[in-house]
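Colleague: Supplied in structure tokens, the structure appears directly below.
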Amino acid sequence: TTGSKMARIAKKQKMSKEDAAKETSDTTVAKKGEEHVAADEDEEERGQHVTDNTGDGGDGEDGQKSSAFVSDGRYRNKQRCLVLCSRGVTARYRHLLEDMRTLMPHHKKESKLDPGSAGAGQAINDIMQLRSCSSVLFLECRKRQDCYMWLGLANGPSARFHISNIHTMDELRLTGNCMKGSRPILNFDQSFSNFGHLKLLKEIIIDIFGTPRGHPKSKPFVDRILSFYYADKKIWVRNYQIIEQQAENALEKHLAKKQSGQEEATSLVEIGPRFVMTPIRIFRGSFGGQTLYSNPNYVSPNQVRALERRDKNDAYVNRKESQKKRKERKEQIVLPEDPLDSVFR
């Protein structure tokens, strides 16, 4: 019939259109695949060209890469440092902790921790996991007079220090003043490159005190230097402000350029705080684990106080013995009886 013939013709036309669409899609996919393969080959050729020019003994300058990494300033290194203390700290140590929080814009504040009988290690690890922190700075106070600092990473290693000679920002009243939240330049002396345990401590300190680039609470300025010096088997910490003084007239500008080679004179002014860290032990894990380094020259404050009390006890004993000897000498000194003593009476 005519109706069935029209239906067959429409069906054939529809099938022909579908076949044509499939052929066009296959051709476009093949073209795209060829373009991707060509792009990959071009990238491989470029990579080989760069490696040939920058490899060892190549045509590159000093064997370095020609294309340097340029940061876009975004907040990508999203590391946080947990800063807290134990219960029972004195006012001086609490002010030191507040100064450390001021110097570290990427810190996470936590209330005082009561270690209890089980210790503070496991509790701090749990808090770090809950707060998504990658490092920790923990001040531990013993007997309300001894201060210990723990520096460590989430999965280790960790180090324990004894803190002495503490001077806070408010106590020193120094003239240095930097912008709050500015990123510091971490300065280490040559000893941190010569000793193995100091190399490890250097990496821990960089992870904790180094402010990530682009942090929301940080400022895009570098106007201070946080210095670490190793002397007398101890680490001395100082915080300085960078001051650039411009010459007021042409003569001062000429003299400054003649002396230092620069028109602006750069100087350092201490801000604070300042303290001394004595390394005690470095652990492989977080707040425990295998001992990587133990300081053989460390003497605990308890032993120092015991020696002082012993010296005082020796002084008391020596004083009592001298009093006893003086009394015996007085008893031994007796004048003989004078026979003419009663003649003129």
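Please note that chains go A, B, ... in the order of the structure tokens, that every chain numbers its residues from 1, and that ligands are numbered from 1 in the order shown.
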Which of stretch 212-330 of chain A end up as strand (DSSP E) when DSSP is run on this backbone - answer as an NGL selection string?
Modeller: :A and (219-231 or 234-245 or 265-270 or 274-285 or 288-294)
Colleague: With N, CA and C atoms retained, could you export that selection as a CSV table (one decimal), in the first residue's frame?
Modeller:
chain,number,residue,atom,x,y,z
A,219,LYS,N,51.3,39.2,55.8
A,219,LYS,CA,51.4,40.4,55.0
A,219,LYS,C,52.5,40.1,53.9
A,220,PRO,N,52.3,40.6,52.7
A,220,PRO,CA,53.3,40.3,51.6
A,220,PRO,C,54.5,41.2,51.8
A,221,PHE,N,55.1,41.2,52.9
A,221,PHE,CA,56.3,42.0,53.2
A,221,PHE,C,57.3,41.2,53.9
A,222,VAL,N,58.6,41.5,53.7
A,222,VAL,CA,59.7,40.8,54.4
A,222,VAL,C,60.5,41.9,55.1
A,223,ASP,N,60.3,42.2,56.3
A,223,ASP,CA,61.0,43.3,57.0
A,223,ASP,C,61.6,42.8,58.3
A,224,ARG,N,61.8,41.5,58.5
A,224,ARG,CA,62.5,41.1,59.8
A,224,ARG,C,63.3,39.8,59.5
A,225,ILE,N,64.2,39.5,60.4
A,225,ILE,CA,65.1,38.4,60.3
A,225,ILE,C,65.0,37.6,61.6
A,226,LEU,N,64.7,36.3,61.5
A,226,LEU,CA,64.7,35.5,62.7
A,226,LEU,C,66.0,34.6,62.6
A,227,SER,N,66.9,34.9,63.5
A,227,SER,CA,68.3,34.3,63.5
A,227,SER,C,68.4,33.2,64.5
A,228,PHE,N,69.2,32.2,64.1
A,228,PHE,CA,69.5,31.1,65.0
A,228,PHE,C,71.0,30.9,64.9
A,229,TYR,N,71.7,31.0,66.1
A,229,TYR,CA,73.1,30.8,66.2
A,229,TYR,C,73.4,29.7,67.2
A,230,TYR,N,74.4,28.9,66.8
A,230,TYR,CA,74.9,27.8,67.6
A,230,TYR,C,76.2,28.1,68.3
A,231,ALA,N,76.2,28.2,69.6
A,231,ALA,CA,77.4,28.5,70.3
A,231,ALA,C,77.3,27.9,71.7
A,234,LYS,N,74.6,25.4,72.5
A,234,LYS,CA,73.2,25.8,72.6
A,234,LYS,C,72.8,26.6,71.4
A,235,ILE,N,71.5,26.8,71.2
A,235,ILE,CA,71.0,27.6,70.1
A,235,ILE,C,70.4,28.9,70.6
A,236,TRP,N,71.0,30.0,70.1
A,236,TRP,CA,70.6,31.3,70.6
A,236,TRP,C,69.7,31.9,69.5
A,237,VAL,N,68.5,32.4,69.9
A,237,VAL,CA,67.5,32.9,69.0
A,237,VAL,C,67.3,34.4,69.2
A,238,ARG,N,67.4,35.1,68.1
A,238,ARG,CA,67.2,36.5,68.1
A,238,ARG,C,66.3,36.9,66.9
A,239,ASN,N,65.6,38.0,67.1
A,239,ASN,CA,64.6,38.5,66.1
A,239,ASN,C,65.0,40.0,65.8
A,240,TYR,N,65.3,40.3,64.6
A,240,TYR,CA,65.7,41.6,64.2
A,240,TYR,C,64.8,42.2,63.1
A,241,GLN,N,64.7,43.6,63.1
A,241,GLN,CA,64.0,44.3,62.1
A,241,GLN,C,65.0,44.8,61.1
A,242,ILE,N,64.6,44.8,59.8
A,242,ILE,CA,65.4,45.3,58.7
A,242,ILE,C,65.0,46.7,58.5
A,243,ILE,N,66.0,47.6,58.6
A,243,ILE,CA,65.8,49.1,58.4
A,243,ILE,C,66.7,49.6,57.3
A,244,GLU,N,66.0,50.2,56.3
A,244,GLU,CA,66.7,50.8,55.2
A,244,GLU,C,66.6,52.3,55.3
A,245,GLN,N,67.7,53.0,55.6
A,245,GLN,CA,67.8,54.4,55.8
A,245,GLN,C,68.3,55.1,54.5
A,265,ALA,N,71.4,52.7,53.2
A,265,ALA,CA,72.1,52.0,54.3
A,265,ALA,C,71.2,51.1,55.0
A,266,THR,N,71.5,49.8,55.1
A,266,THR,CA,70.7,48.8,55.7
A,266,THR,C,71.3,48.4,57.0
A,267,SER,N,70.4,48.4,58.1
A,267,SER,CA,70.9,48.0,59.4
A,267,SER,C,69.8,47.1,60.1
A,268,LEU,N,70.2,46.5,61.2
A,268,LEU,CA,69.3,45.6,61.9
A,268,LEU,C,69.1,46.2,63.3
A,269,VAL,N,67.8,46.1,63.8
A,269,VAL,CA,67.5,46.6,65.1
A,269,VAL,C,66.7,45.4,65.8
A,270,GLU,N,67.1,45.0,67.0
A,270,GLU,CA,66.5,43.9,67.6
A,270,GLU,C,65.1,44.2,68.1
A,274,ARG,N,64.0,37.1,72.9
A,274,ARG,CA,65.2,36.4,72.8
A,274,ARG,C,65.2,35.3,73.9
A,275,PHE,N,65.8,34.1,73.5
A,275,PHE,CA,65.9,33.0,74.4
A,275,PHE,C,67.0,32.0,73.9
A,276,VAL,N,67.3,31.1,74.8
A,276,VAL,CA,68.4,30.1,74.5
A,276,VAL,C,67.7,28.7,74.5
A,277,MET,N,68.0,27.9,73.5
A,277,MET,CA,67.5,26.6,73.4
A,277,MET,C,68.6,25.6,73.5
A,278,THR,N,68.5,24.7,74.5
A,278,THR,CA,69.5,23.6,74.7
A,278,THR,C,68.9,22.3,74.2
A,279,PRO,N,69.5,21.7,73.2
A,279,PRO,CA,68.9,20.5,72.7
A,279,PRO,C,69.1,19.4,73.7
A,280,ILE,N,68.0,18.6,73.9
A,280,ILE,CA,68.1,17.5,74.9
A,280,ILE,C,68.1,16.2,74.1
A,281,ARG,N,67.1,16.0,73.3
A,281,ARG,CA,66.9,14.7,72.5
A,281,ARG,C,66.0,14.9,71.3
A,282,ILE,N,66.4,14.2,70.3
A,282,ILE,CA,65.6,14.2,69.0
A,282,ILE,C,65.0,12.8,68.8
A,283,PHE,N,63.7,12.8,68.6
A,283,PHE,CA,63.0,11.5,68.4
A,283,PHE,C,62.6,11.3,67.0
A,284,ARG,N,62.4,10.1,66.6
A,284,ARG,CA,62.1,9.8,65.2
A,284,ARG,C,60.6,10.1,65.0
A,285,GLY,N,59.7,9.8,66.0
A,285,GLY,CA,58.3,10.0,65.8
A,285,GLY,C,57.9,11.3,66.5
A,288,GLY,N,57.9,10.9,70.7
A,288,GLY,CA,58.4,9.6,71.1
A,288,GLY,C,59.0,8.9,69.9
A,289,GLY,N,59.3,7.6,70.2
A,289,GLY,CA,59.9,6.8,69.2
A,289,GLY,C,61.4,6.6,69.4
A,290,GLN,N,62.0,6.2,68.3
A,290,GLN,CA,63.5,5.9,68.3
A,290,GLN,C,64.2,7.2,68.6
A,291,THR,N,65.3,7.2,69.4
A,291,THR,CA,66.1,8.3,69.7
A,291,THR,C,67.1,8.5,68.6
A,292,LEU,N,67.1,9.6,67.9
A,292,LEU,CA,68.0,9.9,66.8
A,292,LEU,C,69.3,10.6,67.3
A,293,TYR,N,69.1,11.4,68.4
A,293,TYR,CA,70.2,12.2,68.9
A,293,TYR,C,70.0,12.5,70.4
A,294,SER,N,71.0,12.3,71.2
A,294,SER,CA,70.9,12.6,72.6
A,294,SER,C,72.1,13.5,73.0
Colleague: Taking only stretch 34-268 of chain A into account, list the residues labelled alpha helix (DSSP H) by DSSP (computed from the backbone), as number ranges by chain.
Modeller: A: 34-54, 91-103, 121-131, 169-172, 196-209, 250-260
Colleague: Could you tell me which of A:Arg80, A:Arg319, A:Arg131, A:Arg310 comes closest to A:His107 if we count only C-alpha atoms?
Modeller: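 Of A:Arg80, A:Arg319, A:Arg131, A:Arg310, the one nearest A:His107, counting only C-alpha atoms, is A:Arg80.
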Colleague: Please measure the separation of atom CA of A:Lys312 and atom CA of A:Gln145, giving the value in Å to one decimal.
Modeller: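 Distance between the two atoms: 20.3 Å.
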Colleague: Atom CA of A:Ile205 and atom CA of A:Pro157 are how many Å apart?
Modeller: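 Taking atom CA of A:Ile205 and atom CA of A:Pro157, their separation equals 11.4 Å.
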Colleague: Between atom CA of A:Gly88 and atom CA of A:Phe138, what is the spacing in Å?
Modeller: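 Distance reported for this atom pair: 13.3 Å.
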